[in-house]
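**Q** Take this structure, written in structure tokens, and hold onto it; I'll ask about it next.
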Amino acid sequence: MAELYYDLHIHSCLSPCGDDDMTPANIVGMSVIKGLDVIAVTDHNSCKNCPAVLAAAREYGILAIPGMEINTSEEVHAVCLFEELKAAMEFDAYVYEKLIPFPNKEEIFGRQLIYNDNDEICGTVPNLLINAADISFEGLWELVRGYGGVMFPAHVDKTANSLIANLGFIPPDSRFVTAEVKDLSKLHGLKKSNPYLEGCRIISNSDAHYLEHIHEPKLTLEVKEKSVRGVLEALGGMEGGV
Amino acid sequence: MTVEDLIKKEIFKVVVEGDDLSREVTGIFCCDLLSIAMGRAPSDSAWVTVMGNVNTIAVATLADVACVILAEGAQPDDMCRTRAGQQGVTVLATEEPIFEAALKVHGLLHG
């Protein structure tokens with residue numbers, strides 16, 4: 001068993017609201033300086049900076065998991081993490097097709113920058129990524145499992161774009177086993193009003209859009225082995241199939 | 001009625017004062033899903049919503065609404081306040097439900 005310092009919800013400069021300094025190499029470098037063991041870069045509806053993040057992570061010797069923060073048709077935000085980069089990119093292509101084809105206006109929403117392995121800009125995403133994808137929260141767990149990944153609802157304590165705020169309750173037939181809470185001091189009250197959370201592993205990530213907001217090494221995740229698979233297993237993703 | 005007139009009625013709390021209080025409010029729009037509001041909020045409308053995040057301000061700018069009114073006691077997060085200040089978007093707030101908040105603006109416009 002190992003205890004890993006983690007931050008599994010970080011935005012890069014690919015998210016229009018992410019700071020331009022959030023390049024894959026900067027994020028990985030900052031995470032190493034802070035002393036984190038495992039990170040995931042999870043941009044809105046996109047995995048297109050994951051190849052660069054994973055390449056930088058290999059250089060720096062930190063564990064990085066390919067991921068995305070999907071925005072469902074109900075505008076519920078959920079973090080999806082994948083064991084394999086290839087599957088993450090296939091999921092990325094699937095989600096992009098499900099987005100409203102609304103062109104990004106950089107001056108209003110911000111730039112959507114794709115970086116290559118040399119930390120250079122190699123492209124931009126034309127359609128706005130923060131829109132809702134035509135994918136329901138219902139069935140999302142199974143969908144992500146189909147790509148060999150795991151899903152957990154993001155910041156369930158927030159009043160905007162959260163499972164509980166947007167749907168009003170946690171659907172009782174949900175299958176996710178991990179939930180992300182932004183403010184852990186709210187956890188007791190949340191569990192009281194949403195007993196489903198009693199059976200969940202609760203984690204808290206930074207949701208950083210700026211380098212300085214990446215988490216300090218305070219919270220740990222217990223895993224059987226320090227690997228992507230080990231982390232996904234700890235989040236409940238790999239057992240029992242779809 | 002201008003945004004300034006609306007503020008002076010003191011029906012709503014002022015969260016952020018935008019940079020053009022003289023602009024006219026010509027209608028009301030109610031919606032919480034940003035992806036819908038983005039394409040359908042009429043310009044110069046008072047947009048009543050419970051979504052108080054940074055993307056609310058981006059959508060308000062894109063749709064060119066006259067102001068945002070956060071209903072149901074919804075609290076704007078820090079990024080939302082900061083961005084509203086930067087973009088010059090007026091953000092008002094109320095404990096009232098969306099319908100009642102919209103109705104009050106409607107009364108001022110057409111009453």
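Quick note on naming: the chains in the structure tokens go A, B, ... in the order shown, residues restart at 1 in each chain, and ligands are numbered from 1 in order of appearance.
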Return as a PyMOL selection string the full set of residues in segment 4-209 of chain A whose backbone-based DSSP assignment is strand (DSSP E or B).
**A** chain A and resi 4-10+38-44+46+63-71+77-82+99+103+113-115+121-124+127+133+149-153+178-180+201-203+208
**Q** Which residues are close to segment 130-132 of chain A, i.e. within 10 Å by only C-alpha atoms, leaving aside same-chain residues fewer than 6 positions away? Reply as a PyMOL selection string.
**A** (chain A and resi 15-17+43-46+69-77+95+98-102+104+109) or (chain B and resi 33-36+38+55)
**Q** If we count only C-alpha atoms, what is near segment 204-211 of chain A at a cut-off of 6 Å, once residues fewer than 3 positions away on the same chain are taken out, given as a list in words?
**A** Asp7, Leu8, His9, Ile10, His11, Gly18, Asp19, Glu180, Val181, Lys182, Ile214 and His215 of chain A
**Q** To test your reading of the structure, identify every residue in segment 11-99 of chain B that backbone DSSP assigns to helix (DSSP H, G or I), and report it as a list in words.
**A**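 Taking segment 11-99 of chain B and keeping helix (DSSP H, G or I) only, one gets Leu34, Ser35, Ile36, Ala37, Met38, Gly39, Arg40, Val54, Asn55, Thr56, Ile57, Ala58, Val59, Ala60, Thr61, Leu62, Ala63, Asp78, Met79, Cys80, Arg81, Thr82, Arg83, Ala84, Gly85, Gln86, Gln87, Ile98 and Phe99 of chain B.
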**Q** Could you tell me how far atom CA of Cys67 of chain B sits from atom CA of Ala84 of chain B, in Å to one decimal place?
**A** 10.2 Å
**Q** With only C-alpha atoms counted and 10 Å as the cut-off, give the residues of chain B in contact with chain A, each with its shortest interatomic distance in Å and the pair that gives it, as JSON lines.
**A**
```
{"residue": "B:Asp32", "atom": "CA", "partner": "A:Asn166", "partner_atom": "CA", "distance": 9.3}
{"residue": "B:Leu33", "atom": "CA", "partner": "A:Glu75", "partner_atom": "CA", "distance": 6.8}
{"residue": "B:Leu34", "atom": "CA", "partner": "A:Asn131", "partner_atom": "CA", "distance": 7.5}
{"residue": "B:Ser35", "atom": "CA", "partner": "A:Asn131", "partner_atom": "CA", "distance": 5.5}
{"residue": "B:Ile36", "atom": "CA", "partner": "A:Ala132", "partner_atom": "CA", "distance": 9.2}
{"residue": "B:Met38", "atom": "CA", "partner": "A:Asn131", "partner_atom": "CA", "distance": 9.1}
{"residue": "B:Gly39", "atom": "CA", "partner": "A:Phe102", "partner_atom": "CA", "distance": 9.0}
{"residue": "B:Val50", "atom": "CA", "partner": "A:Ala160", "partner_atom": "CA", "distance": 7.8}
{"residue": "B:Met51", "atom": "CA", "partner": "A:Ala160", "partner_atom": "CA", "distance": 5.5}
{"residue": "B:Gly52", "atom": "CA", "partner": "A:Ala160", "partner_atom": "CA", "distance": 6.7}
{"residue": "B:Asn53", "atom": "CA", "partner": "A:Ala160", "partner_atom": "CA", "distance": 6.8}
{"residue": "B:Val54", "atom": "CA", "partner": "A:Cys17", "partner_atom": "CA", "distance": 8.1}
{"residue": "B:Asn55", "atom": "CA", "partner": "A:Phe109", "partner_atom": "CA", "distance": 7.8}
{"residue": "B:Thr56", "atom": "CA", "partner": "A:Ala160", "partner_atom": "CA", "distance": 10.0}
{"residue": "B:Ile57", "atom": "CA", "partner": "A:Ile108", "partner_atom": "CA", "distance": 9.2}
{"residue": "B:Ala58", "atom": "CA", "partner": "A:Ile108", "partner_atom": "CA", "distance": 5.9}
{"residue": "B:Val59", "atom": "CA", "partner": "A:Ile108", "partner_atom": "CA", "distance": 8.3}
{"residue": "B:Ala60", "atom": "CA", "partner": "A:Ile108", "partner_atom": "CA", "distance": 9.7}
{"residue": "B:Thr61", "atom": "CA", "partner": "A:Ile108", "partner_atom": "CA", "distance": 7.0}
{"residue": "B:Leu62", "atom": "CA", "partner": "A:Ile108", "partner_atom": "CA", "distance": 6.8}
{"residue": "B:Ala74", "atom": "CA", "partner": "A:Thr159", "partner_atom": "CA", "distance": 7.4}
{"residue": "B:Gln75", "atom": "CA", "partner": "A:Thr159", "partner_atom": "CA", "distance": 8.0}
{"residue": "B:Pro76", "atom": "CA", "partner": "A:Thr159", "partner_atom": "CA", "distance": 9.2}
{"residue": "B:Asp77", "atom": "CA", "partner": "A:Thr159", "partner_atom": "CA", "distance": 9.4}
{"residue": "B:Met79", "atom": "CA", "partner": "A:Cys17", "partner_atom": "CA", "distance": 9.9}
{"residue": "B:Gln87", "atom": "CA", "partner": "A:Ile108", "partner_atom": "CA", "distance": 8.8}
```
**Q** Which value, in Å to one decimal, gives the distance between atom CA of Cys50 of chain A and atom CA of Lys86 of chain A?
**A**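 Distance reported for this atom pair: 10.1 Å.
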**Q** Suppose you want the space between atom CA of Glu24 of chain B and atom CA of Lys8 of chain B; what is it in Å?
**A**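 One can read the atom CA of Glu24 of chain B to atom CA of Lys8 of chain B distance as 13.9 Å.
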